[in-house]
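As stored in work.tsv (TSV, C-alpha atoms and all ligand atoms):
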chain	number	residue	atom	x	y	z
Q	167	MET	CA	0.00	0.00	0.00
Q	168	SER	CA	1.31	3.48	-0.84
Q	169	VAL	CA	1.77	6.17	1.84
Q	170	LYS	CA	-1.26	7.95	0.40
Q	171	GLU	CA	-3.40	4.80	0.64
Q	172	ARG	CA	-2.28	4.21	4.23
Q	173	ILE	CA	-3.23	7.79	5.10
Q	174	GLU	CA	-6.68	7.31	3.53
Q	175	ARG	CA	-7.21	4.04	5.43
Q	176	LEU	CA	-6.09	5.46	8.81
Q	177	LYS	CA	-8.17	8.59	8.32
Q	178	LYS	CA	-11.31	6.47	8.03
Q	179	ASP	CA	-10.37	4.03	10.81
Q	180	LYS	CA	-9.58	6.80	13.31
Q	181	GLY	CA	-12.25	9.32	12.35
Q	182	ALA	CA	-9.72	11.97	11.41
Q	183	THR	CA	-10.15	15.07	9.27
Q	184	ILE	CA	-7.05	16.49	7.62
Q	185	LEU	CA	-6.94	20.29	7.34
Q	186	ALA	CA	-4.24	22.00	5.29
Q	187	HIS	CA	-3.33	25.60	4.54
Q	188	ASN	CA	-3.14	26.91	0.97
Q	189	TYR	CA	0.69	27.15	1.31
Q	190	CYS	CA	1.26	23.46	2.11
Q	191	SER	CA	3.05	21.29	-0.42
Q	192	GLU	CA	0.99	19.82	-3.26
Q	193	GLU	CA	1.16	16.26	-1.91
Q	194	VAL	CA	-0.20	17.41	1.47
Q	195	GLN	CA	-2.97	19.51	-0.07
Q	196	ASP	CA	-3.96	16.46	-2.13
Q	197	VAL	CA	-4.58	14.23	0.93
Q	198	ALA	CA	-6.39	16.94	2.90
Q	199	ASP	CA	-10.15	16.92	3.38
Q	200	PHE	CA	-10.19	20.70	3.36
Q	201	VAL	CA	-7.65	23.26	2.14
Q	202	GLY	CA	-8.14	26.94	2.88
Q	203	ASP	CA	-6.96	30.28	4.18
Q	204	SER	CA	-6.61	30.98	7.92
Q	205	LEU	CA	-10.19	32.16	8.35
Q	206	ALA	CA	-11.78	29.29	6.42
Q	207	LEU	CA	-9.63	26.77	8.33
Q	208	ALA	CA	-10.66	28.23	11.70
Q	209	ILE	CA	-14.34	28.13	10.71
Q	210	LYS	CA	-14.01	24.58	9.39
Q	211	ALA	CA	-12.14	23.39	12.50
Q	212	LYS	CA	-14.94	24.68	14.70
Q	213	GLU	CA	-17.52	22.67	12.74
Q	214	ILE	CA	-15.73	19.31	12.67
Q	215	GLU	CA	-17.63	16.50	14.38
Q	216	GLU	CA	-15.12	13.67	13.96
Q	217	PRO	CA	-12.87	12.98	16.97
Q	218	MET	CA	-9.49	13.93	15.47
Q	219	ILE	CA	-8.11	16.84	13.45
Q	220	VAL	CA	-4.73	16.50	11.73
Q	221	PHE	CA	-3.55	20.04	11.13
Q	222	CYS	CA	-1.05	20.69	8.33
Q	223	GLY	CA	0.25	24.25	8.45
Q	224	VAL	CA	1.88	26.25	11.24
Q	225	THR	CA	1.34	26.07	15.00
Q	226	PHE	CA	-0.87	29.14	15.48
Q	227	MET	CA	-3.41	27.60	13.08
Q	228	ALA	CA	-3.49	24.27	14.92
Q	229	GLU	CA	-3.79	26.09	18.25
Q	230	SER	CA	-6.76	28.06	16.93
Q	231	ALA	CA	-8.42	24.80	15.84
Q	232	LYS	CA	-7.95	23.37	19.35
Q	233	ILE	CA	-9.26	26.51	21.05
Q	234	LEU	CA	-12.33	26.71	18.80
Q	235	ASN	CA	-13.11	22.99	19.07
Q	236	PRO	CA	-11.56	21.93	22.41
Q	237	GLY	CA	-13.28	18.55	22.59
Q	238	LYS	CA	-11.30	17.21	19.62
Q	239	LYS	CA	-7.85	15.72	19.57
Q	240	VAL	CA	-5.80	18.09	17.38
Q	241	VAL	CA	-2.52	16.67	16.15
Q	242	MET	CA	0.23	18.40	14.19
Q	243	PRO	CA	2.53	16.34	11.96
Q	244	GLU	CA	5.25	19.00	12.39
Q	245	PRO	CA	4.94	20.73	15.77
Q	246	ASP	CA	8.09	22.78	15.11
Q	247	ALA	CA	6.47	24.50	12.12
Q	248	VAL	CA	6.21	27.90	13.74
Q	249	CYS	CA	5.34	31.09	11.86
Q	250	PRO	CA	8.18	33.51	12.76
Q	251	MET	CA	5.73	36.42	12.99
Q	252	ALA	CA	3.86	34.59	15.76
Q	253	ASN	CA	6.94	35.02	17.99
Q	254	MET	CA	7.14	38.78	17.43
Q	255	CYS	CA	4.51	39.73	20.00
Q	256	THR	CA	4.29	38.07	23.43
Q	257	SER	CA	1.68	38.05	26.19
Q	258	SER	CA	4.03	39.89	28.56
Q	259	GLN	CA	4.55	42.67	26.01
Q	260	LEU	CA	0.77	43.00	25.73
Q	261	ASP	CA	0.49	43.07	29.53
Q	262	GLU	CA	2.83	46.08	29.52
Q	263	VAL	CA	0.61	47.79	26.92
Q	264	ARG	CA	-2.46	47.17	29.08
Q	265	GLU	CA	-0.72	48.52	32.14
Q	266	LYS	CA	0.09	51.79	30.35
Q	267	ASP	CA	-3.28	52.10	28.58
Q	268	PRO	CA	-6.01	49.92	30.17
Q	269	ASP	CA	-8.62	51.10	27.63
Q	270	ALA	CA	-6.62	50.31	24.50
Q	271	VAL	CA	-8.44	48.06	22.02
Q	272	ILE	CA	-6.01	45.33	21.02
Q	273	ILE	CA	-6.71	43.81	17.60
Q	274	GLY	CA	-4.48	40.83	16.95
Q	275	TYR	CA	-3.69	39.14	13.69
Q	276	VAL	CA	-4.36	35.43	14.05
Q	277	ASN	CA	-0.64	34.81	13.34
Q	278	THR	CA	0.14	34.92	17.09
Q	279	SER	CA	0.52	32.41	19.92
Q	280	ALA	CA	-2.47	31.28	22.00
Q	281	ASP	CA	-0.84	32.99	24.96
Q	282	ALA	CA	-0.72	36.37	23.17
Q	283	LYS	CA	-4.31	35.90	21.97
Q	284	SER	CA	-5.41	35.50	25.57
Q	285	ARG	CA	-4.62	39.24	26.00
Q	286	MET	CA	-6.43	40.48	22.87
Q	287	ASP	CA	-9.88	41.97	22.40
Q	288	ILE	CA	-10.46	40.53	18.95
Q	289	CYS	CA	-8.49	38.59	16.37
Q	290	CYS	CA	-8.63	38.86	12.59
Q	291	THR	CA	-7.19	37.17	9.55
Q	292	SER	CA	-6.19	38.81	6.30
Q	293	ALA	CA	-9.62	37.84	4.92
Q	294	ASN	CA	-11.66	39.83	7.44
Q	295	SER	CA	-9.16	42.39	8.81
Q	296	VAL	CA	-10.94	45.41	7.28
Q	297	LYS	CA	-14.33	44.34	8.69
Q	298	VAL	CA	-12.80	43.60	12.11
Q	299	VAL	CA	-11.08	47.00	12.28
Q	300	MET	CA	-14.28	48.74	11.16
Q	301	SER	CA	-16.18	46.91	13.92
Q	302	ALA	CA	-13.81	48.07	16.69
Q	303	GLU	CA	-15.23	50.36	19.32
Q	304	GLU	CA	-14.09	53.99	19.58
Q	305	GLY	CA	-10.76	54.56	21.26
Q	306	ASN	CA	-7.12	53.90	20.87
Q	307	VAL	CA	-6.61	50.82	18.67
Q	308	LEU	CA	-3.37	48.86	18.72
Q	309	PHE	CA	-2.89	46.41	15.84
Q	310	VAL	CA	-0.43	43.53	16.45
Q	311	PRO	CA	1.90	42.07	15.28
Q	312	ASP	CA	1.97	42.65	11.50
Q	313	ARG	CA	2.93	46.23	10.69
Q	314	ASN	CA	2.33	45.80	6.96
Q	315	LEU	CA	-1.14	44.30	7.36
Q	316	GLY	CA	-2.04	46.95	9.93
Q	317	SER	CA	-0.82	49.72	7.68
Q	318	ASN	CA	-2.62	48.33	4.58
Q	319	VAL	CA	-5.88	47.92	6.53
Q	320	SER	CA	-5.58	51.36	8.08
Q	321	GLU	CA	-5.18	52.82	4.58
Q	322	SER	CA	-8.21	50.89	3.22
Q	323	CYS	CA	-10.61	51.83	5.97
Q	324	GLY	CA	-9.23	55.23	6.94
Q	325	ARG	CA	-8.86	54.37	10.60
Q	326	ALA	CA	-5.68	55.38	12.40
Q	327	MET	CA	-4.13	52.64	14.57
Q	328	ASP	CA	-0.96	52.16	16.55
Q	329	LEU	CA	1.08	49.48	14.81
Q	330	TRP	CA	3.41	46.84	16.22
Q	331	GLU	CA	6.74	46.18	14.53
Q	332	GLY	CA	6.16	42.56	13.43
Q	333	PHE	CA	6.34	41.28	9.85
Q	334	CYS	CA	6.29	38.15	7.74
Q	335	PRO	CA	9.83	37.46	6.45
Q	336	THR	CA	8.46	35.82	3.29
Q	337	HIS	CA	6.23	38.74	2.23
Q	338	GLN	CA	8.68	41.37	3.52
Q	339	ALA	CA	11.18	40.07	0.96
Q	340	PHE	CA	9.05	41.32	-1.94
Q	341	THR	CA	10.30	44.76	-2.98
Q	342	ARG	CA	9.02	47.43	-5.37
Q	343	GLN	CA	11.99	46.73	-7.64
Q	344	MET	CA	11.15	43.03	-7.76
Q	345	VAL	CA	7.55	43.78	-8.75
Q	346	GLU	CA	8.64	46.38	-11.31
Q	347	ASP	CA	10.94	43.77	-12.89
Q	348	MET	CA	8.15	41.20	-12.97
Q	349	LYS	CA	5.75	43.71	-14.50
Q	350	ALA	CA	8.30	44.51	-17.19
Q	351	ARG	CA	8.70	40.81	-17.94
Q	352	TYR	CA	4.95	40.07	-17.91
Q	353	PRO	CA	3.33	43.34	-19.02
Q	354	GLU	CA	-0.10	41.75	-19.57
Q	355	ALA	CA	-0.27	40.27	-16.06
Q	356	THR	CA	-2.75	41.33	-13.39
Q	357	VAL	CA	-1.07	41.72	-9.99
Q	358	MET	CA	-2.51	40.12	-6.84
Q	359	ALA	CA	-0.87	40.82	-3.46
Q	360	HIS	CA	-1.30	39.47	0.05
Q	361	PRO	CA	-1.81	42.28	2.61
Q	362	GLU	CA	1.31	41.08	4.49
Q	363	CYS	CA	3.29	42.75	1.67
Q	364	ARG	CA	4.89	46.14	2.37
Q	365	PRO	CA	2.38	48.97	1.73
Q	366	GLU	CA	4.45	50.33	-1.18
Q	367	VAL	CA	4.29	46.87	-2.78
Q	368	ALA	CA	0.57	46.33	-2.02
Q	369	ARG	CA	-0.17	49.67	-3.73
Q	370	MET	CA	1.31	48.29	-6.97
Q	371	ALA	CA	-1.28	45.50	-7.06
Q	372	ASP	CA	-4.62	45.36	-8.87
Q	373	MET	CA	-6.05	43.35	-6.00
Q	374	VAL	CA	-5.04	42.82	-2.35
Q	375	GLY	CA	-6.51	39.90	-0.42
Q	376	SER	CA	-6.12	36.69	1.55
Q	377	THR	CA	-4.99	33.51	-0.18
Q	378	SER	CA	-8.58	32.30	-0.71
Q	379	GLN	CA	-9.68	35.72	-1.92
Q	380	MET	CA	-6.90	35.55	-4.54
Q	381	LEU	CA	-8.15	32.13	-5.67
Q	382	GLN	CA	-11.64	33.51	-6.13
Q	383	PHE	CA	-10.41	36.66	-7.86
Q	384	ALA	CA	-8.30	34.68	-10.35
Q	385	LYS	CA	-11.24	32.39	-11.13
Q	386	ASP	CA	-13.66	35.28	-11.69
Q	387	SER	CA	-11.26	37.56	-13.57
Q	388	ASP	CA	-11.12	37.83	-17.37
Q	389	ALA	CA	-7.34	38.16	-17.10
Q	390	GLN	CA	-5.30	35.20	-18.34
Q	391	GLU	CA	-1.98	35.96	-16.64
Q	392	PHE	CA	-1.18	36.93	-13.04
Q	393	ILE	CA	1.75	38.02	-10.89
Q	394	VAL	CA	1.04	36.53	-7.46
Q	395	LEU	CA	2.71	38.24	-4.49
Q	396	THR	CA	2.40	35.53	-1.89
Q	397	GLU	CA	3.83	32.12	-0.99
Q	398	MET	CA	4.14	29.85	-4.03
Q	399	GLY	CA	2.21	26.96	-2.42
Q	400	LEU	CA	-0.90	28.81	-3.53
Q	401	GLY	CA	0.08	28.00	-7.13
Q	402	HIS	CA	-1.23	24.44	-6.78
Q	403	ARG	CA	-4.84	25.51	-6.23
Q	404	LEU	CA	-4.59	28.46	-8.60
Q	405	ARG	CA	-3.53	26.14	-11.43
Q	406	ARG	CA	-6.10	23.51	-10.51
Q	407	ASP	CA	-8.98	25.99	-10.26
Q	408	SER	CA	-7.96	28.03	-13.33
Q	409	PRO	CA	-6.03	25.57	-15.55
Q	410	ALA	CA	-6.01	27.81	-18.63
Q	411	LYS	CA	-4.44	30.75	-16.78
Q	412	VAL	CA	-0.77	31.46	-16.05
Q	413	PHE	CA	0.62	32.43	-12.63
Q	414	HIS	CA	4.04	33.95	-11.85
Q	415	PHE	CA	5.47	34.08	-8.29
Q	416	PRO	CA	8.59	35.94	-7.09
Q	417	HIS	CA	11.47	33.45	-6.84
Q	418	VAL	CA	11.81	34.15	-3.09
Q	419	ALA	CA	8.17	33.32	-2.30
Q	420	ILE	CA	8.75	30.42	0.08
Q	421	CYS	CA	7.66	29.99	3.69
Q	422	PRO	CA	9.97	27.29	5.15
Q	423	PRO	CA	7.72	26.26	8.09
Q	424	MET	CA	4.81	25.69	5.71
Q	425	LYS	CA	6.97	23.28	3.74
Q	426	MET	CA	7.94	21.11	6.73
Q	427	THR	CA	4.87	18.86	6.60
Q	428	ASP	CA	5.07	15.98	4.12
Q	429	LEU	CA	3.17	12.75	3.52
Q	430	ARG	CA	5.44	10.77	5.88
Q	431	SER	CA	4.82	13.14	8.77
Q	432	VAL	CA	1.06	13.09	8.10
Q	433	LEU	CA	1.11	9.28	8.16
Q	434	ARG	CA	3.14	9.23	11.38
Q	435	ALA	CA	0.76	11.69	13.04
Q	436	LEU	CA	-2.18	9.47	12.16
Q	437	GLU	CA	-0.44	6.31	13.34
Q	438	GLU	CA	0.73	7.81	16.64
Q	439	GLU	CA	-2.21	10.19	17.11
Q	440	GLY	CA	0.33	12.84	17.95
Q	441	PRO	CA	2.09	15.08	18.63
Q	442	GLU	CA	-1.06	16.48	20.15
Q	443	VAL	CA	-1.71	20.23	20.52
Q	444	VAL	CA	-1.95	20.88	24.25
Q	445	ILE	CA	-2.72	24.36	25.60
Q	446	ASP	CA	-3.13	25.48	29.19
Q	447	ALA	CA	-6.87	25.50	30.08
Q	448	ASP	CA	-6.89	29.13	31.32
Q	449	VAL	CA	-5.08	30.33	28.20
Q	450	MET	CA	-7.57	28.44	26.01
Q	451	ASP	CA	-10.53	30.00	27.80
Q	452	ALA	CA	-9.11	33.52	27.54
Q	453	ALA	CA	-8.05	33.12	23.89
Q	454	ARG	CA	-11.44	31.71	22.82
Q	455	ARG	CA	-13.32	35.01	23.08
Q	456	PRO	CA	-11.17	37.01	20.59
Q	457	LEU	CA	-11.13	34.00	18.25
Q	458	GLU	CA	-14.90	33.49	18.44
Q	459	ARG	CA	-15.37	37.18	17.70
Q	460	MET	CA	-13.05	36.76	14.70
Q	461	VAL	CA	-14.95	33.81	13.13
Q	462	ALA	CA	-18.25	35.67	13.61
Q	463	ILE	CA	-17.07	38.46	11.27
Q	464	ARG	CA	-16.93	37.15	7.69
G	501	LIG	P1	-4.19	33.62	4.69
G	501	LIG	O1	-5.06	33.76	5.89
G	501	LIG	O2	-4.45	34.63	3.64
G	501	LIG	O3	-4.28	32.23	4.15
G	501	LIG	O4	-2.69	33.90	5.12
G	501	LIG	C1	-2.06	33.24	6.14
G	501	LIG	C2	-0.66	33.55	6.19
G	501	LIG	O5	0.06	33.12	7.03
G	501	LIG	C3	-0.15	34.42	5.15
G	501	LIG	O6	1.20	34.48	5.22
G	502	LIG	FE1	4.05	33.17	8.82
G	502	LIG	FE2	4.71	34.47	6.61
G	502	LIG	FE3	4.76	31.83	6.65
G	502	LIG	FE4	2.45	33.14	6.66
G	502	LIG	S1	3.98	33.10	5.03
G	502	LIG	S2	3.00	31.39	7.95
G	502	LIG	S3	2.99	34.90	7.94
G	502	LIG	S4	6.05	33.19	7.86

Output the file's structure as structure tokens, nothing else.
Amino acid sequence: MSVKERIERLKKDKGATILAHNYCSEEVQDVADFVGDSLALAIKAKEIEEPMIVFCGVTFMAESAKILNPGKKVVMPEPDAVCPMANMCTSSQLDEVREKDPDAVIIGYVNTSADAKSRMDICCTSANSVKVVMSAEEGNVLFVPDRNLGSNVSESCGRAMDLWEGFCPTHQAFTRQMVEDMKARYPEATVMAHPECRPEVARMADMVGSTSQMLQFAKDSDAQEFIVLTEMGLGHRLRRDSPAKVFHFPHVAICPPMKMTDLRSVLRALEEEGPEVVIDADVMDAARRPLERMVAIR
């Protein structure tokens, strides 16, 4: 039996659902029951009725699945797959903020640890960040940790916010020069950018959105050729959904932690039912409220 067949068999035997992010490798996306962006994955995780979730992606995503559906066993094939941005804002730093300004509204990108989320008022993903910021009560808003996303959202909805200094190393690597060169090479291409790109790069795009929003845009668009300013794992679904269209990614568009999970580690996770995502009960309870508020805003 092939590794893929063994995964399919164990999935049925153990009542497991495999969730994978749009950036995962093609082989992992192909064995997943559901592939999506961060918001869609959080919503899906909350709805799962089977006893086990195998989460392929990075740790903050698997933690969110556990917090939103705490009765399930959530396992991660690669528990060291950590999004570097998620380490750029800690719970103790947010405690200091609260001490200085107890009324501050803290909006946190979902790319954060469960511990940091436990100090936030509301979370958002790139798919609903504008709506979340628009929904925030009056007062001083602090947006953490992604400075680029915060700045792009602030520009779209005209709301001033204090911004943290975090960033995604993968999207930060895309420069204006790089995009200008790509545009010169592919002059007919429509440009799609993830809002984790620098503001000066996002402004060069015809469309800015989450990974799933880009998939939808490419499907609906009359354009035949696209420059895609995000991680190249998205190319698998873009090509599958729009086989007649052409997609170009910057050569540096790779997120190493997203590429850690492979078929062998998925199989091992199913066999061993681990490593399991375990979060302190108090942290889970405190982090659930901002996450529940996030999935309610679509
Ligand atoms: P999406 O929510 O758009 O899938 O993005 C997640 C992410 O980590 C982007 O780098
Ligand atoms: Fe984190 Fe960037 Fe990778 Fe997304 S692409 S998981 S933000 S490092």

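Those DNA, RNA and protein residues that approach the point (10.7, 31.5, -9.9) to within 12 Å, considering all atoms listed in the file, are Q:Met344, Q:Met348, Q:Ile393, Q:Val394, Q:Leu395, Q:Glu397, Q:Met398, Q:Gly401, Q:Phe413, Q:His414, Q:Phe415, Q:Pro416, Q:His417, Q:Val418, Q:Ala419, Q:Ile420.
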
Kindly provide the residues of chain Q that approach ligand LIG 502 (chain G) to within 8 Å, each paired with its closest atom pair and their distance in Å to one decimal, based on all atoms listed in the file, listed by chain and increasing number, as a Markdown table.
| residue | atom | partner | partner_atom | distance |
| --- | --- | --- | --- | --- |
| Q:Tyr189 | CA | G:LIG502 | S1 | 7.8 |
| Q:Gly223 | CA | G:LIG502 | S2 | 7.7 |
| Q:Val224 | CA | G:LIG502 | S2 | 6.2 |
| Q:Val248 | CA | G:LIG502 | S2 | 7.5 |
| Q:Cys249 | CA | G:LIG502 | FE1 | 3.9 |
| Q:Pro250 | CA | G:LIG502 | S4 | 5.4 |
| Q:Met251 | CA | G:LIG502 | FE1 | 5.5 |
| Q:Ala252 | CA | G:LIG502 | FE1 | 7.1 |
| Q:Asn277 | CA | G:LIG502 | S3 | 6.5 |
| Q:Phe333 | CA | G:LIG502 | S3 | 7.5 |
| Q:Cys334 | CA | G:LIG502 | FE2 | 4.2 |
| Q:Pro335 | CA | G:LIG502 | S4 | 5.9 |
| Q:Thr336 | CA | G:LIG502 | FE2 | 5.2 |
| Q:His337 | CA | G:LIG502 | FE2 | 6.3 |
| Q:Glu362 | CA | G:LIG502 | S3 | 7.3 |
| Q:Thr396 | CA | G:LIG502 | S1 | 7.5 |
| Q:Glu397 | CA | G:LIG502 | S1 | 6.1 |
| Q:Ile420 | CA | G:LIG502 | S1 | 7.4 |
| Q:Cys421 | CA | G:LIG502 | FE3 | 4.5 |
| Q:Pro422 | CA | G:LIG502 | FE3 | 7.1 |
| Q:Pro423 | CA | G:LIG502 | FE3 | 6.5 |
| Q:Met424 | CA | G:LIG502 | FE3 | 6.2 |

Generate a file of the selected residues that holds C-alpha atoms, formatted as a PDB file, in the coordinates of the input.
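And here is the file that came out, selection_4.pdb:
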ATOM      1  CA  TYR Q 189       0.690  27.150   1.310  1.00  0.00           C
ATOM      2  CA  GLY Q 223       0.250  24.250   8.450  1.00  0.00           C
ATOM      3  CA  VAL Q 224       1.880  26.250  11.240  1.00  0.00           C
ATOM      4  CA  VAL Q 248       6.210  27.900  13.740  1.00  0.00           C
ATOM      5  CA  CYS Q 249       5.340  31.090  11.860  1.00  0.00           C
ATOM      6  CA  PRO Q 250       8.180  33.510  12.760  1.00  0.00           C
ATOM      7  CA  MET Q 251       5.730  36.420  12.990  1.00  0.00           C
ATOM      8  CA  ALA Q 252       3.860  34.590  15.760  1.00  0.00           C
ATOM      9  CA  ASN Q 277      -0.640  34.810  13.340  1.00  0.00           C
ATOM     10  CA  PHE Q 333       6.340  41.280   9.850  1.00  0.00           C
ATOM     11  CA  CYS Q 334       6.290  38.150   7.740  1.00  0.00           C
ATOM     12  CA  PRO Q 335       9.830  37.460   6.450  1.00  0.00           C
ATOM     13  CA  THR Q 336       8.460  35.820   3.290  1.00  0.00           C
ATOM     14  CA  HIS Q 337       6.230  38.740   2.230  1.00  0.00           C
ATOM     15  CA  GLU Q 362       1.310  41.080   4.490  1.00  0.00           C
ATOM     16  CA  THR Q 396       2.400  35.530  -1.890  1.00  0.00           C
ATOM     17  CA  GLU Q 397       3.830  32.120  -0.990  1.00  0.00           C
ATOM     18  CA  ILE Q 420       8.750  30.420   0.080  1.00  0.00           C
ATOM     19  CA  CYS Q 421       7.660  29.990   3.690  1.00  0.00           C
ATOM     20  CA  PRO Q 422       9.970  27.290   5.150  1.00  0.00           C
ATOM     21  CA  PRO Q 423       7.720  26.260   8.090  1.00  0.00           C
ATOM     22  CA  MET Q 424       4.810  25.690   5.710  1.00  0.00           C
TER      23      MET Q 424
END

For this session: All residues within 7 Å of ligand LIG 501 (chain G) are required, counting only C-alpha atoms and all ligand atoms; please report them as a PyMOL selection string.
Result: chain Q and resi 187-188+202-205+277+291-293+334+360+362+375-378

For this session: Would you kindly return, as a PyMOL selection string, each protein, DNA or RNA residue with an atom no farther than 8 Å from any atom of Q:Arg342, considering all atoms listed in the file and excluding same-chain residues fewer than 5 positions away?
Result: chain Q and resi 366-367+370

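The residue that comes closest to Q:Val169, out of Q:Ala211, Q:Leu457, Q:Leu436, Q:Met300 and on the basis of only C-alpha atoms, is Q:Leu436.
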
Exercise. Using only C-alpha atoms, which residue out of Q:Pro361, Q:Pro311, Q:Gly181, Q:Pro245 lies closest to Q:Glu229?
Worked result: Q:Pro245

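Atom CA of Q:Ile219 is positioned 6.2 Å from atom CA of Q:Lys239.
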
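The coordinates place atom CA of Q:Ala359 at 17.5 Å from atom CA of Q:Cys323.
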
Tell me, as a CSV table (one decimal) with C-alpha atoms, in the frame of the given file, which residues lie within 7 Å of Q:Cys363, counting all atoms listed in the file; anything in the same chain fewer than 6 positions away does not count.
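Written output follows (out.csv):
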chain,number,residue,atom,x,y,z
Q,314,ASN,CA,2.3,45.8,7.0
Q,337,HIS,CA,6.2,38.7,2.2
Q,338,GLN,CA,8.7,41.4,3.5
Q,340,PHE,CA,9.0,41.3,-1.9

For this session: Select, from Q:Ala453, Q:Val357, Q:Glu171, Q:Glu304, the residue with the minimum atom-to-atom distance to Q:Thr278, counting all atoms listed in the file.
Result: Q:Ala453

For this session: Using only C-alpha atoms, determine which residues lie at most 8 Å from Q:Ile173, disregarding the query and same-chain residues fewer than 2 positions distant; provide the list as a PyMOL selection string.
Result: chain Q and resi 169-171+175-177+197+432-433+436

For this session: Could you check how far atom CA of Q:Ala282 sits from atom CA of Q:Ala270, in Å to one decimal?
Result: 15.2 Å
